[in-house]
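> Handing you a structure now.
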Amino acid sequence: MSGKGSSPVLKQGSLFSFFTKKTASVPSNKNAASSDVGGKKSSAPEPKLSSRDTEALLAKINIGTQIEVHWPDDNEYYGAVVTGKTSGKSSVFTLKYDDEEVETIDLRGELFRIVEKQKSPTKPTGKRDRLEDVKESVKESPKVAAGANKKRRILEESEEEFEFEEGDLSGEDSEGSVYADGSQDENDEEDDDGLMVTDEEDDDALISSTKEKKHATSQKSRVKVTPVANPYSKNAKGNNNSVALTPSDIPPARSASFLTPVRSTSTTKTPSSSNNMFSCFAPPKDIDSQESTASTITPNHGTTPRKITPSPYPVSLSPVTPMAILPSKSSQGQKSKAPAFVVGIVNMAGQHMHNHLSFLNNPKDSSGRSSCDPNYDPRTLTVNFSEIDKVNGSKMTAGTRQWWDIKSQYADTVLLFKTGKFYEMFQMDADIGVSVLGFSYMKGHVAHAGFPEVGYANFSDKLVRAGYKVARVEQTETPDMMKKRGAKCRGPKPKVVNREVCSILTVGTRTFCYLDNDSALAEEANGRRSTGTVGPLLAIREVISQPTSESESNNISVCEYGITIIDAVRAEVTIGQFADDVLRSRMDTLLATFQPSEILVEGGENGASATLLSLIKAFQTTSVSTRVERVNPTESFPKSTAIDASIRKRLDRRSPAHPWDAEETLGELHARRYFPRSSRIAAEGNTSRWPQVLSAAVEGGANLILSSVGAALFYLQRSLIDEEILSMGIVKAYVPPAGSGSDAQTGTNAENMMKTMAEELACERDSITLPGPDSNETVSSRPCLEFVSNEQDVADEAQINHMSLDGTTLHNLEILSNAQTHTPAGSLWSKINNAKSPHGSRLLRAWLLRPLFQKADIDRRADAVEELVSGAAAVSMSEARPILAKCGDIERLLSRVHSMGGKYGETVTGGDPGHHPNERAVLYETATHTKRKVADFTKLLQGLRSATQIPELFAGVEIRSGLLNKVVKLIDDGGSFPSMEEELDWFFQNFDCKAAEKGLFEPSAGMDDAYDEACDAIARIENELDAYKNEMCSQVLQPASLARSKWTYINTKPAQKDKYLIELPVNVQVPEEFYVKGKRGSGAKQVNKYRTPVVEQLVGELEHALDVKSAGKARGMQLVFAKFDSKRSLWAAAAQATAILDAIGALAETSGKAGYTRPNILECPPNGKPALQILQGRHPCVDVTHSGNDFIPNDLSLGGGESQGNGTTSTDTSRVLLLSGPNMGGKSTLLRQTCLISILAQIGCFVPVEECAVTPIDRIYTRLGASDRILLGQSTFFVELAETAAALRGATRRSLVIMDELGRGTSTFDGTAIASATVKHLVERNQCLALFATHYHSLLEDWKEEPTVRLGHMECIVEGGDDETNHEESSEEHNITFLYTLGSGACPRSFGINVARLAEIPAEVLSKAKAFSANFEANMNFGGTQVKVTASKAVQLKKRIEDALTAGNGEEVGRIWQELQS
């Protein structure tokens, strides 16, 4: 029990109290008699009750019950009110005595009696009830009293138990409601501490003693909250863990849960899928007319489930903004009126105060623009504060104003608003919490929900996955800090602790730091990248060229793009600039390659084109989590709320900002100093020390790149991760494969520059130019040029390094994902992804998307793969693969350690390392956060140490492959693997990972001078305190022996308040300088707590030293991380080496399968012909047929006919295979497997064939399937022709083209004509390798004599005759059997009627179809005569008829008719 002079204890503010406030009636307990011990009532002890009577009496005790407890020592009864009850223990209660002393006691073994409540005057009540003062119960220690005979048991309460108080808030111990009582004076100093929610004082005081002296003006009745099992622990259980409110004066039906999502039978409304993401650019939809479905929610107090009606304004992600839940104008043009809210109860969705605010129903941004304005900024909101006061019925508090001020700058973001240990969601954000997270509304007319700090990772992850932006708003000062700040203020004192936005999470900006849920990373590691949960952020700047007739006819580029790709997980930036055609084929390739999870496009009247938006929307249909955000040409930048003006200056950006402006972007990059400066004199010097790619873009005038960089930079700055990402200094170049058209071979200067740099980086990444002493293994990097016709100099082929795969090919061949579910299952990627480490898997994916082209490069990689398939190196590799699995994601962890090592420090930005809001945030789960930080660092250290074993495994093994030798041998042994044992040993010796996880890490001596000095000061002060004690006990205090034995320093732990109070019995005589700070006990057994000036001075010094030491411990870890980060190039070299080895090992794992053979890569000299020869080839992704039988292999031979440069020749000169056969006969499978075999061969992998020889292919073009692009306004036939056009314009002699049933989307004559002309172009102009599947038999007739064209068909057996020629009605015998084998020559028929029979077309329809087929064929053959209209004749005939009709020449028309009849 504290003495009179004890300072008040601040309590955890209630989740309920933040937005609801009312002065409640407080019952008063007045005892007839009292003494100097509060509430004492003289009375003889009553006889002890029987156990039966005791249980009956205990059953009558509830929260708020007035009782009197007998203290045997004093032989007195003392009045108390029951404020809590321990769950699961019916007799253990928390009592608050009349003198404010609090203790937990088991009443079953005590004498007590229940006192009937007496009526007492009540305070004036406001308009709303209020629940306040949420605080965690703490473990209480037994009461210490000398000679106490009282037998009582103090039990430890659960850490998960909370108490609620009801009544008015006043003084320091209350947080203060954001919504003030109507009768409150706005300048009332009693509520100055509103929102000062902290648990520091509570924890310290309660741990040290079970008695508290509260600073309160009236007694408060308590509301008990039954503790819930931690919802984030493994032992959490269903609804039994819900919060139960059981105050005597509050109806149970009005209770609400805020800790765990309520299990509801209704379907939770979540934001819409990515398909509807583009509606975020439109005004909010009319949602008044949407139907609402009643849902059953189980009340948390355990009563019968009740029906409640959800909000009539359901949450939708259509606008991807919390504003979406607000009502808007109805379809009739009338404003819908939200149901009136009711004060003091749990209101339903759509019934809260914010639903009545007109400025939310028709929002305007900070510039006053409405949502229908093309320049509307959904990130900002104009707030009408007077309307809020009017609707609420009282003037808002400072806390309310603080929330709305932040919301006005982050209107499209869900605010997780920190109050003490809880993140709270208010107003429209609470609607989202209820709808998406399954929370229940809390009591009050202001929508309100929340969760503890420990749940941030899980709940923020759910919101982000649902498509929302999530802002974490933290307290950045404590109440004590606020008071000190107020003492220095000359004007009005602050009434609320300062808060700042510390981070904004979206699907594209999550770095997965120690605060976040990293489950999505496990999904990526398991190969489920297509889900979009870990994709990068993509910023696109588009410039449309003026359309011309030439651009339409020649397919010249119609637009140009600048792109910036941010991989926030690994802190990598990729930039590029390229021209694109009318179909946006290169942009489509980029989307398919990187699969971004978030895309930034330019907004405003002249923003992104409708074509680009449609392309992105079409991409969203295959990527379930992709989010789209508009960034306008002019944007407002949120103002920092930091207290320090210098920090605000560093965090703020000039507003309005122009994100897409290249010059402003360059100025920001210089001003923020993300990269090392080249000059200390010039404010904006040159970029020579910047990352090479970015510097080249600046020097080369690539303004579109800088424009997209500016938009990405603006978004990163808003998300407060700009320095974390850019200070890593990793900038790469990327340019998609060139599209068709004459511009493909030239491009802009910026594009060509990016191509060159991209190729150089790709060569380094792909290990073509690994550093090492063996210069013979180094291949000079070459710029990547594209070719569009055979007229180009064949010698330029030497400049190509990689095969090009565009987006259409990636989709048609199902390389990364299947076409049905858009997941990796069944794709080529899923078949070869045998990598053990995440960074090895990413490298392998990059290889798959960019197969090699030069024979020397392919053979170099294939040699390494072959050596790991069998032999001594294979044995070592089998031992190395488990080690690679232990390495973890080194690239990601390097980024994490970089961010933890002071990314905002002087080494990077030239200033105070504490300017980021995270550095000032008041967090209570620091132990958990520290554990996560240390865990990441430990994983990295152990992963690198595991990697050091790799050279040892291959030591002594004779390795013939130069590439493999470089990867597994140390630099000293002629390889490229870094030697890092010595560096790693230093960190293992100076960083105790296990101690650091427990928060016990202390910097080693000499690591931090300030920390060393603080440790010395603490030791000195503790010695001086002991010396002071000895001096006083021996010379001053009387009796000396009693003083020496009883002198005790209390509160000696670093986290405790009132440190080193002196406890002495009351009968020890002390000098006047000893003043009482508190006392415990009474009478002769009283013990006083003293403070003296000497101790006070020493404690002040000690507090300062402890602060320095505490900061030093945190800084010590940061220093270790920074030291580790300083050697990042060493660790990155190890990451590259392990990634290459892992990728090669994955290919070796695939190559070692039965039936896989190393392909023979052929030379193709200028006078040679490309060739593709496959013996018994199989589809890599299909093991069995649809009927369950083994896959049937096929032989295929195309090209050759001349010397191949390797001593082999071929007599087959055909380059084009015209493939016919029945439907479902395997034509498409043969086409696809040929392409996939070629791709595998050129990434260095073995292929599923008996023999294979192939000249490297520079590009694969595909025309497969039948599908439209409705979102792009493209019909099925248009898509067919667009894919065909790309092949005709871009294919070279080294390309491979596959086309399946071209022309089926139009009439037979037009289709035949187009197909015939296409084949002619491929044969005569492109001269490429091609497989052309068709059902146009006249086309086969036209080309059967051409030596460069070979006819083939998929064989089948028709039992009982052909349905198309046999017109008898016997049906059961006409069956078709597919042989799936490639035969020579043309197939006489397509057997469509037979396939229709397999599809169970009705017999009547089949009969009519056979008759129509016979008649049609007879007509085509002109009654059985020898005259036929072939494809080539059809084109000429059509032109003659058109010319005759145009000229009005009837005679010519007649002659044509006679010719046809003859």
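The way I read the labels, and the way they are meant: chains A, B, ... in the order of the structure tokens, residue 1 as the first residue of every chain, and ligand 1 as the first ligand shown, with later ones counted on from there.
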I'd like the contact shell of Gly1311 in chain A - 12 Å cut-off, only C-alpha atoms, skipping same-chain residues fewer than 2 positions apart - returned as an MDAnalysis selection string.

chainID A and resid 1277 1280:1281 1301:1309 1313:1318 1334:1336 1338:1339 1431 1434:1435

> Kindly export the residues of the current selection with N, CA, C and O atoms, as a compact mmCIF listing (two decimals), in the first residue's frame.


# COMPACT_ATOMS: atom_id res chain seq x y z
N PHE A 1277 -10.66 -14.93 -83.31
CA PHE A 1277 -9.98 -14.91 -84.60
C PHE A 1277 -8.91 -13.82 -84.63
O PHE A 1277 -7.82 -14.01 -85.20
N GLU A 1280 -5.88 -15.12 -82.91
CA GLU A 1280 -5.17 -16.03 -83.81
C GLU A 1280 -4.29 -15.27 -84.78
O GLU A 1280 -3.11 -15.60 -84.98
N LEU A 1281 -4.87 -14.26 -85.42
CA LEU A 1281 -4.13 -13.52 -86.44
C LEU A 1281 -3.02 -12.68 -85.81
O LEU A 1281 -1.96 -12.51 -86.42
N GLU A 1301 -4.08 -25.10 -86.36
CA GLU A 1301 -5.39 -24.84 -86.93
C GLU A 1301 -5.64 -23.35 -87.16
O GLU A 1301 -6.66 -22.79 -86.74
N LEU A 1302 -4.71 -22.72 -87.83
CA LEU A 1302 -4.89 -21.31 -88.19
C LEU A 1302 -6.06 -21.17 -89.18
O LEU A 1302 -6.18 -21.95 -90.12
N GLY A 1303 -6.90 -20.19 -88.96
CA GLY A 1303 -7.97 -19.88 -89.89
C GLY A 1303 -9.31 -20.46 -89.53
O GLY A 1303 -10.29 -20.24 -90.25
N ARG A 1304 -9.44 -21.16 -88.42
CA ARG A 1304 -10.71 -21.80 -88.10
C ARG A 1304 -11.73 -20.82 -87.55
O ARG A 1304 -12.89 -21.17 -87.38
N GLY A 1305 -11.30 -19.58 -87.25
CA GLY A 1305 -12.23 -18.61 -86.70
C GLY A 1305 -13.00 -17.84 -87.73
O GLY A 1305 -13.73 -16.91 -87.39
N THR A 1306 -12.85 -18.17 -89.02
CA THR A 1306 -13.58 -17.45 -90.06
C THR A 1306 -14.12 -18.46 -91.08
O THR A 1306 -14.10 -19.67 -90.83
N SER A 1307 -14.57 -17.95 -92.22
CA SER A 1307 -15.14 -18.86 -93.21
C SER A 1307 -14.08 -19.79 -93.76
O SER A 1307 -12.88 -19.52 -93.67
N THR A 1308 -14.53 -20.90 -94.37
CA THR A 1308 -13.59 -21.89 -94.88
C THR A 1308 -12.68 -21.30 -95.95
O THR A 1308 -11.47 -21.55 -95.96
N PHE A 1309 -13.25 -20.51 -96.87
CA PHE A 1309 -12.44 -19.93 -97.95
C PHE A 1309 -11.41 -18.96 -97.39
O PHE A 1309 -10.24 -19.02 -97.74
N ALA A 1313 -7.38 -19.52 -97.30
CA ALA A 1313 -6.52 -18.54 -97.97
C ALA A 1313 -5.46 -18.01 -97.03
O ALA A 1313 -4.27 -17.89 -97.39
N ILE A 1314 -5.86 -17.67 -95.80
CA ILE A 1314 -4.91 -17.13 -94.83
C ILE A 1314 -3.88 -18.19 -94.47
O ILE A 1314 -2.67 -17.91 -94.38
N ALA A 1315 -4.32 -19.42 -94.26
CA ALA A 1315 -3.38 -20.49 -93.91
C ALA A 1315 -2.39 -20.73 -95.03
O ALA A 1315 -1.18 -20.91 -94.79
N SER A 1316 -2.86 -20.74 -96.27
CA SER A 1316 -1.97 -20.98 -97.40
C SER A 1316 -0.95 -19.87 -97.55
O SER A 1316 0.25 -20.12 -97.76
N ALA A 1317 -1.39 -18.64 -97.41
CA ALA A 1317 -0.47 -17.51 -97.53
C ALA A 1317 0.55 -17.52 -96.40
O ALA A 1317 1.72 -17.15 -96.59
N THR A 1318 0.12 -17.93 -95.20
CA THR A 1318 1.04 -17.99 -94.05
C THR A 1318 2.13 -19.03 -94.29
O THR A 1318 3.31 -18.77 -94.05
N THR A 1334 -3.10 -28.50 -89.40
CA THR A 1334 -4.26 -27.95 -90.12
C THR A 1334 -5.25 -29.06 -90.46
O THR A 1334 -4.89 -30.26 -90.50
N HIS A 1335 -6.49 -28.66 -90.71
CA HIS A 1335 -7.53 -29.56 -91.23
C HIS A 1335 -7.91 -29.18 -92.66
O HIS A 1335 -8.86 -29.75 -93.21
N TYR A 1336 -7.20 -28.21 -93.25
CA TYR A 1336 -7.46 -27.81 -94.63
C TYR A 1336 -6.71 -28.77 -95.56
O TYR A 1336 -5.50 -28.61 -95.79
N SER A 1338 -6.99 -29.15 -98.72
CA SER A 1338 -6.54 -28.51 -99.96
C SER A 1338 -5.17 -27.87 -99.78
O SER A 1338 -4.38 -27.78 -100.71
N LEU A 1339 -4.90 -27.42 -98.55
CA LEU A 1339 -3.59 -26.84 -98.25
C LEU A 1339 -2.50 -27.91 -98.38
O LEU A 1339 -1.41 -27.65 -98.88
N ALA A 1431 -6.64 -24.40 -102.44
CA ALA A 1431 -6.42 -23.17 -101.69
C ALA A 1431 -5.79 -22.08 -102.56
O ALA A 1431 -6.22 -20.92 -102.56
N ALA A 1434 -8.28 -20.87 -105.02
CA ALA A 1434 -9.35 -20.11 -104.39
C ALA A 1434 -8.98 -18.64 -104.26
O ALA A 1434 -9.80 -17.75 -104.47
N VAL A 1435 -7.72 -18.37 -103.94
CA VAL A 1435 -7.29 -16.97 -103.81
C VAL A 1435 -7.38 -16.25 -105.15
O VAL A 1435 -7.89 -15.12 -105.24

> Find the residues near His445 in chain A: any atom within 10 Å, counting only C-alpha atoms, skip ones fewer than 5 places away on the same chain, and give them as a JSON list (two decimals) with all heavy atoms, in the first residue's frame.


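Written output follows (result-v2.json):
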[["chain", "number", "residue", "atom", "x", "y", "z"],
["A", 19, "PHE", "N", -13.09, 5.90, -27.91],
["A", 19, "PHE", "CA", -14.04, 6.69, -28.68],
["A", 19, "PHE", "C", -15.39, 6.82, -27.98],
["A", 19, "PHE", "O", -16.36, 7.25, -28.57],
["A", 19, "PHE", "CB", -14.27, 6.05, -30.06],
["A", 19, "PHE", "CG", -13.35, 6.61, -31.11],
["A", 19, "PHE", "CD1", -12.07, 6.12, -31.25],
["A", 19, "PHE", "CD2", -13.74, 7.64, -31.91],
["A", 19, "PHE", "CE1", -11.23, 6.63, -32.20],
["A", 19, "PHE", "CE2", -12.90, 8.15, -32.87],
["A", 19, "PHE", "CZ", -11.65, 7.65, -33.02],
["A", 20, "THR", "N", -15.52, 6.35, -26.73],
["A", 20, "THR", "CA", -16.78, 6.47, -26.00],
["A", 20, "THR", "C", -16.49, 7.04, -24.63],
["A", 20, "THR", "O", -15.54, 6.66, -23.97],
["A", 20, "THR", "CB", -17.45, 5.11, -25.84],
["A", 20, "THR", "OG1", -16.55, 4.24, -25.17],
["A", 20, "THR", "CG2", -17.82, 4.51, -27.18],
["A", 128, "ARG", "N", -23.26, 8.92, -23.03],
["A", 128, "ARG", "CA", -22.84, 7.57, -23.37],
["A", 128, "ARG", "C", -22.17, 6.92, -22.17],
["A", 128, "ARG", "O", -21.51, 7.59, -21.37],
["A", 128, "ARG", "CB", -21.85, 7.59, -24.55],
["A", 128, "ARG", "CG", -22.52, 7.92, -25.85],
["A", 128, "ARG", "CD", -21.51, 8.39, -26.88],
["A", 128, "ARG", "NE", -20.88, 9.64, -26.47],
["A", 128, "ARG", "CZ", -21.46, 10.81, -26.63],
["A", 128, "ARG", "NH1", -22.63, 10.90, -27.19],
["A", 128, "ARG", "NH2", -20.86, 11.91, -26.23],
["A", 340, "ALA", "N", -30.35, 5.28, -37.27],
["A", 340, "ALA", "CA", -29.86, 6.09, -36.15],
["A", 340, "ALA", "C", -29.09, 5.22, -35.17],
["A", 340, "ALA", "O", -29.48, 4.09, -34.89],
["A", 340, "ALA", "CB", -31.04, 6.77, -35.45],
["A", 341, "PHE", "N", -27.96, 5.74, -34.68],
["A", 341, "PHE", "CA", -27.20, 4.98, -33.71],
["A", 341, "PHE", "C", -27.83, 5.15, -32.33],
["A", 341, "PHE", "O", -28.56, 6.11, -32.05],
["A", 341, "PHE", "CB", -25.74, 5.40, -33.69],
["A", 341, "PHE", "CG", -25.50, 6.87, -33.44],
["A", 341, "PHE", "CD1", -25.58, 7.41, -32.16],
["A", 341, "PHE", "CD2", -25.18, 7.72, -34.49],
["A", 341, "PHE", "CE1", -25.35, 8.76, -31.94],
["A", 341, "PHE", "CE2", -24.94, 9.07, -34.27],
["A", 341, "PHE", "CZ", -25.03, 9.60, -32.99],
["A", 342, "VAL", "N", -27.55, 4.19, -31.47],
["A", 342, "VAL", "CA", -28.06, 4.20, -30.11],
["A", 342, "VAL", "C", -26.87, 4.27, -29.16],
["A", 342, "VAL", "O", -25.96, 3.46, -29.25],
["A", 342, "VAL", "CB", -28.90, 2.95, -29.82],
["A", 342, "VAL", "CG1", -29.45, 2.99, -28.38],
["A", 342, "VAL", "CG2", -30.04, 2.83, -30.81],
["A", 343, "VAL", "N", -26.90, 5.24, -28.27],
["A", 343, "VAL", "CA", -25.80, 5.44, -27.35],
["A", 343, "VAL", "C", -25.81, 4.36, -26.28],
["A", 343, "VAL", "O", -26.86, 3.98, -25.76],
["A", 343, "VAL", "CB", -25.91, 6.83, -26.70],
["A", 343, "VAL", "CG1", -24.82, 7.02, -25.64],
["A", 343, "VAL", "CG2", -25.80, 7.91, -27.75],
["A", 344, "GLY", "N", -24.63, 3.83, -25.99],
["A", 344, "GLY", "CA", -24.49, 2.94, -24.86],
["A", 344, "GLY", "C", -24.71, 1.49, -25.14],
["A", 344, "GLY", "O", -24.73, 0.68, -24.21],
["A", 345, "ILE", "N", -24.92, 1.10, -26.39],
["A", 345, "ILE", "CA", -25.09, -0.31, -26.71],
["A", 345, "ILE", "C", -24.16, -0.66, -27.87],
["A", 345, "ILE", "O", -23.48, 0.20, -28.43],
["A", 345, "ILE", "CB", -26.55, -0.64, -27.10],
["A", 345, "ILE", "CG1", -26.88, -0.01, -28.47],
["A", 345, "ILE", "CG2", -27.52, -0.21, -26.03],
["A", 345, "ILE", "CD1", -28.18, -0.53, -29.05],
["A", 346, "VAL", "N", -24.15, -1.93, -28.22],
["A", 346, "VAL", "CA", -23.38, -2.36, -29.39],
["A", 346, "VAL", "C", -24.23, -2.12, -30.62],
["A", 346, "VAL", "O", -25.25, -2.77, -30.83],
["A", 346, "VAL", "CB", -23.01, -3.86, -29.28],
["A", 346, "VAL", "CG1", -22.27, -4.30, -30.53],
["A", 346, "VAL", "CG2", -22.16, -4.12, -28.05],
["A", 347, "ASN", "N", -23.83, -1.15, -31.43],
["A", 347, "ASN", "CA", -24.56, -0.83, -32.65],
["A", 347, "ASN", "C", -24.16, -1.77, -33.77],
["A", 347, "ASN", "O", -23.04, -2.29, -33.80],
["A", 347, "ASN", "CB", -24.31, 0.63, -33.06],
["A", 347, "ASN", "CG", -25.00, 1.62, -32.14],
["A", 347, "ASN", "OD1", -26.12, 2.03, -32.40],
["A", 347, "ASN", "ND2", -24.33, 2.00, -31.05],
["A", 348, "MET", "N", -25.08, -1.95, -34.70],
["A", 348, "MET", "CA", -24.81, -2.81, -35.83],
["A", 348, "MET", "C", -24.06, -2.07, -36.93],
["A", 348, "MET", "O", -24.00, -0.84, -36.92],
["A", 348, "MET", "CB", -26.12, -3.38, -36.39],
["A", 348, "MET", "CG", -26.91, -4.24, -35.41],
["A", 348, "MET", "SD", -26.01, -5.70, -34.86],
["A", 348, "MET", "CE", -25.40, -5.18, -33.26],
["A", 351, "GLN", "N", -24.79, 1.53, -38.67],
["A", 351, "GLN", "CA", -25.59, 2.29, -37.71],
["A", 351, "GLN", "C", -24.74, 3.23, -36.88],
["A", 351, "GLN", "O", -25.27, 3.94, -36.04],
["A", 351, "GLN", "CB", -26.31, 1.28, -36.79],
["A", 351, "GLN", "CG", -27.40, 1.87, -35.89],
["A", 351, "GLN", "CD", -28.05, 0.81, -35.04],
["A", 351, "GLN", "OE1", -27.86, -0.37, -35.26],
["A", 351, "GLN", "NE2", -28.83, 1.23, -34.05],
["A", 352, "HIS", "N", -23.43, 3.25, -37.13],
["A", 352, "HIS", "CA", -22.54, 4.04, -36.27],
["A", 352, "HIS", "C", -22.48, 5.50, -36.71],
["A", 352, "HIS", "O", -23.03, 5.88, -37.75],
["A", 352, "HIS", "CB", -21.14, 3.41, -36.28],
["A", 352, "HIS", "CG", -21.08, 2.07, -35.65],
["A", 352, "HIS", "ND1", -21.22, 0.90, -36.38],
["A", 352, "HIS", "CD2", -20.92, 1.67, -34.36],
["A", 352, "HIS", "CE1", -21.13, -0.15, -35.58],
["A", 352, "HIS", "NE2", -20.95, 0.29, -34.35],
["A", 353, "MET", "N", -21.76, 6.25, -35.93],
["A", 353, "MET", "CA", -21.70, 7.69, -36.15],
["A", 353, "MET", "C", -21.18, 8.04, -37.53],
["A", 353, "MET", "O", -21.70, 8.92, -38.20],
["A", 353, "MET", "CB", -20.84, 8.34, -35.07],
["A", 353, "MET", "CG", -20.90, 9.86, -35.10],
["A", 353, "MET", "SD", -19.53, 10.63, -34.24],
["A", 353, "MET", "CE", -18.21, 10.38, -35.41],
["A", 354, "HIS", "N", -20.12, 7.35, -37.99],
["A", 354, "HIS", "CA", -19.51, 7.74, -39.26],
["A", 354, "HIS", "C", -20.44, 7.52, -40.44],
["A", 354, "HIS", "O", -20.24, 8.11, -41.49],
["A", 354, "HIS", "CB", -18.19, 6.99, -39.47],
["A", 354, "HIS", "CG", -18.35, 5.53, -39.72],
["A", 354, "HIS", "ND1", -18.36, 4.60, -38.71],
["A", 354, "HIS", "CD2", -18.50, 4.82, -40.87],
["A", 354, "HIS", "CE1", -18.51, 3.39, -39.22],
["A", 354, "HIS", "NE2", -18.60, 3.50, -40.53],
["A", 392, "ASN", "N", -21.84, 13.97, -33.30],
["A", 392, "ASN", "CA", -21.48, 13.31, -32.04],
["A", 392, "ASN", "C", -22.18, 13.94, -30.84],
["A", 392, "ASN", "O", -22.40, 13.28, -29.84],
["A", 392, "ASN", "CB", -19.96, 13.38, -31.85],
["A", 392, "ASN", "CG", -19.49, 12.62, -30.64],
["A", 392, "ASN", "OD1", -19.79, 11.45, -30.48],
["A", 392, "ASN", "ND2", -18.75, 13.29, -29.76],
["A", 427, "GLN", "N", -14.11, 3.94, -36.61],
["A", 427, "GLN", "CA", -14.93, 4.44, -37.71],
["A", 427, "GLN", "C", -15.01, 3.43, -38.85],
["A", 427, "GLN", "O", -15.29, 2.26, -38.63],
["A", 427, "GLN", "CB", -14.38, 5.81, -38.17],
["A", 427, "GLN", "CG", -14.13, 6.81, -37.05],
["A", 427, "GLN", "CD", -15.40, 7.39, -36.45],
["A", 427, "GLN", "OE1", -16.51, 6.96, -36.75],
["A", 427, "GLN", "NE2", -15.25, 8.38, -35.59]]

> I'd like the neighbourhood of Val1108 in chain A as a PyMOL selection string, where a residue qualifies if any of its atoms comes within 9 Å (using only C-alpha atoms), though same-chain residues fewer than 4 positions away should be ignored.

chain A and resi 1010-1011+1013-1015+1103-1104+1112-1113

> Please produce a file of those selected residues containing N, CA and C atoms, as an mmCIF file, in the first residue's frame.


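Everything below was put into selection18.cif:
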data_model
loop_
_atom_site.group_PDB
_atom_site.id
_atom_site.type_symbol
_atom_site.label_atom_id
_atom_site.label_comp_id
_atom_site.auth_asym_id
_atom_site.auth_seq_id
_atom_site.Cartn_x
_atom_site.Cartn_y
_atom_site.Cartn_z
ATOM 1 N N ALA A 1010 30.436 4.233 -25.532
ATOM 2 C CA ALA A 1010 29.382 4.760 -24.661
ATOM 3 C C ALA A 1010 28.808 3.652 -23.784
ATOM 4 N N TYR A 1011 28.655 2.493 -24.346
ATOM 5 C CA TYR A 1011 28.127 1.363 -23.574
ATOM 6 C C TYR A 1011 29.113 0.959 -22.481
ATOM 7 N N GLU A 1013 31.307 2.853 -20.979
ATOM 8 C CA GLU A 1013 31.297 3.876 -19.941
ATOM 9 C C GLU A 1013 30.059 3.745 -19.063
ATOM 10 N N ALA A 1014 28.909 3.444 -19.660
ATOM 11 C CA ALA A 1014 27.687 3.292 -18.882
ATOM 12 C C ALA A 1014 27.799 2.107 -17.928
ATOM 13 N N CYS A 1015 28.372 0.995 -18.391
ATOM 14 C CA CYS A 1015 28.550 -0.168 -17.517
ATOM 15 C C CYS A 1015 29.454 0.167 -16.334
ATOM 16 N N GLU A 1103 19.848 6.149 -13.424
ATOM 17 C CA GLU A 1103 18.834 6.113 -14.480
ATOM 18 C C GLU A 1103 19.447 6.488 -15.831
ATOM 19 N N HIS A 1104 20.264 7.536 -15.811
ATOM 20 C CA HIS A 1104 20.899 7.960 -17.057
ATOM 21 C C HIS A 1104 21.832 6.879 -17.587
ATOM 22 N N GLY A 1112 22.608 1.185 -25.603
ATOM 23 C CA GLY A 1112 23.823 0.544 -26.090
ATOM 24 C C GLY A 1112 23.611 -0.915 -26.420
ATOM 25 N N LYS A 1113 22.748 -1.583 -25.634
ATOM 26 C CA LYS A 1113 22.468 -2.989 -25.940
ATOM 27 C C LYS A 1113 21.776 -3.123 -27.289
#

> Taking 3 positions as the minimum chain separation for residues in the same chain, which residues sit within 12 Å of Gln854 in chain A when counting only C-alpha atoms? Answer as a VMD selection string.

chain A and resid 763 768 779 781 to 782 797 to 803 851 857 to 861 1161 to 1164 1241 to 1244 1255 to 1258 1294

> Show which residues sit within 7 Å of range 407-413 of chain A, as a PyMOL selection string. Count only C-alpha atoms, and ignore same-chain residues fewer than 2 positions away.

chain A and resi 321-323+378-383+403-405+415+468-471+638

> Between A:Ile1376, A:Leu894, A:Met396, A:Leu828, which is the closest to Asn1223 in chain A once you count only C-alpha atoms?

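Under the stated criterion, the closest residue is A:Ile1376.
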